[in-house]
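Report on the structure given below.
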Amino acid sequence: MANCVDLADIMEAVSCADSDNIAGVAQEIEIGFHEDVTSYPDKPSSSSGAMSMEDAGELDGDLTIKSGAKTCKFTFTDGTGEFTMTEQGEAGGENVLYKATFERAKMSSAVFGFLNATRGRKLWAVVTDKNGTKYLLGDDVNHAKRVAADAATTGTDSASDVNKVPVSIEYVGARHLVFTGNVIKAGA
């Protein structure tokens, strides 16, 4: 089998920017409905020869949604968001579970409306980490979905607990990939 990706050395930090590394995710996640997407970015392809390791780890292109389609920019409580990518699956069927979890302080009708609107729906989501790297949950074949999270709670102790609504979104992708494109409204 031909190599799809040319291996290369991954060196220790070689510039000041290489040492920049902040934990956590940016305080806003963008979410939309899968059926509103007109095109997803392409997965890396080695059709014209072996790719560099950087090319093998990036989606190519933008996420384009229908003209007039709405997205939700969900601002959550700072310091509560986390994004993970976990390898899973049996030999020959390995894949990656992308998971975004976050909390919104204070139960409210608007947050409950979001939960109701996204329950059981096919979704896409863009998460940005605090280093500025973006991740796309969802593709043209496999969508993201909101899954059960911890209970919404009033808390019990006003000195130490938070009235909050936890949210969790998952997507199973074929590979570890970053999203270098943008969310574009068709016709905009």
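Naming scheme: A, B, ... for chains in displayed order of the structure tokens; residues 1 onward per chain; ligands 1 onward as shown.
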
If you take only C-alpha atoms and a cut-off of 12 Å, which residues of range 84-127 of chain A touch range 151-161 of chain A, and what are their nearest atom pairs and distances in Å to one decimal, in chain and number order, as JSON lines?
```
{"residue": "A:Phe102", "atom": "CA", "partner": "A:Ala152", "partner_atom": "CA", "distance": 11.9}
{"residue": "A:Glu103", "atom": "CA", "partner": "A:Ala152", "partner_atom": "CA", "distance": 9.2}
{"residue": "A:Arg104", "atom": "CA", "partner": "A:Ala152", "partner_atom": "CA", "distance": 9.5}
{"residue": "A:Ala105", "atom": "CA", "partner": "A:Thr154", "partner_atom": "CA", "distance": 9.7}
{"residue": "A:Lys106", "atom": "CA", "partner": "A:Thr154", "partner_atom": "CA", "distance": 7.7}
{"residue": "A:Met107", "atom": "CA", "partner": "A:Ala152", "partner_atom": "CA", "distance": 7.2}
{"residue": "A:Ser108", "atom": "CA", "partner": "A:Ala152", "partner_atom": "CA", "distance": 10.3}
{"residue": "A:Val111", "atom": "CA", "partner": "A:Ala152", "partner_atom": "CA", "distance": 10.4}
{"residue": "A:Phe112", "atom": "CA", "partner": "A:Ala152", "partner_atom": "CA", "distance": 9.6}
{"residue": "A:Leu115", "atom": "CA", "partner": "A:Ala152", "partner_atom": "CA", "distance": 10.9}
```

Contacts between range 130-149 of chain A and range 32-64 of chain A, please, where a residue of range 32-64 of chain A counts if it comes within 8 Å (with only C-alpha atoms); show its shortest atom pair and distance in Å to one decimal, rows by chain and ascending number, as a Markdown table.
```
| residue | atom | partner | partner_atom | distance |
| --- | --- | --- | --- | --- |
| A:His34 | CA | A:His143 | CA | 6.4 |
| A:Ser39 | CA | A:Asp140 | CA | 7.3 |
| A:Tyr40 | CA | A:Asp140 | CA | 6.0 |
| A:Pro41 | CA | A:Asp139 | CA | 7.9 |
```

So that each row is one residue of range 31-83 of chain A with an atom at most 7 Å from range 169-187 of chain A, can you give its shortest atom pair and the distance in Å to one decimal, using only C-alpha atoms, rows by chain and rising number, as CSV?
```
residue,atom,partner,partner_atom,distance
A:Gly57,CA,A:Leu177,CA,4.8
A:Glu58,CA,A:Val178,CA,4.9
A:Leu59,CA,A:Phe179,CA,5.3
A:Gly61,CA,A:Gly181,CA,5.3
A:Asp62,CA,A:Gly181,CA,4.5
A:Leu63,CA,A:Val183,CA,4.8
A:Thr64,CA,A:Ile184,CA,4.7
A:Ile65,CA,A:Lys185,CA,4.9
A:Lys66,CA,A:Ala186,CA,5.3
A:Ser67,CA,A:Ala186,CA,4.8
```

Considering only C-alpha atoms, state which residue in the set A:Cys4, A:Met85, A:Ile31, A:Cys72 is at the smallest distance from Ala56 in chain A. A:Cys4

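Residues of chain A carrying a DSSP assignment of alpha helix (DSSP H), computed from the backbone, are A:Met53, A:Glu54, A:Asp55, A:Ala56, A:Ser109, A:Ala110, A:Val111, A:Phe112, A:Gly113, A:Phe114, A:Leu115, A:Asn116, A:Ala117, A:Thr118.
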
Hey, which of A:Phe83, A:Thr75, A:Val165, A:Gln27 ends up closest to Ser109 in chain A? Count only C-alpha atoms. A:Val165

Select from range 25-159 of chain A everything DSSP, run on the backbone, classes as strand (DSSP E), then give the selection as JSON, numbers by chain. {"A": [28, 29, 30, 31, 32, 33, 37, 38, 39, 58, 59, 63, 64, 65, 72, 73, 74, 75, 82, 83, 84, 85, 86, 87, 88, 95, 96, 97, 98, 99, 100, 101, 102, 103, 104, 105, 123, 124, 125, 126, 127, 128, 134, 135, 136, 137, 145, 146, 147]}

May I ask for the distance between CA of Glu90 in chain A and CA of Lys43 in chain A, given in Å to one decimal place?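 If I compute the distance from CA of Glu90 in chain A to CA of Lys43 in chain A, I get 21.8 Å.
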
Point-to-point distance in Å for CA of Phe33 in chain A and CA of Leu123 in chain A: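 Spanning CA of Leu123 in chain A to CA of Phe33 in chain A is a straight-line distance of 4.4 Å.
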
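Of the listed residues (A:Pro44, A:Gly32, A:Gly49, A:Gly93), A:Gly32 comes nearest to Ala69 in chain A; the distances count only C-alpha atoms.
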
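With only C-alpha atoms as the atoms that count, the residue of A:Ser48, A:Ile29, A:Thr38, A:Ala100 with the shortest distance to Val167 in chain A is A:Ala100.
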
Interatomic distance (Å, one decimal) between CA of Ser168 in chain A and CA of Trp124 in chain A: 12.6 Å
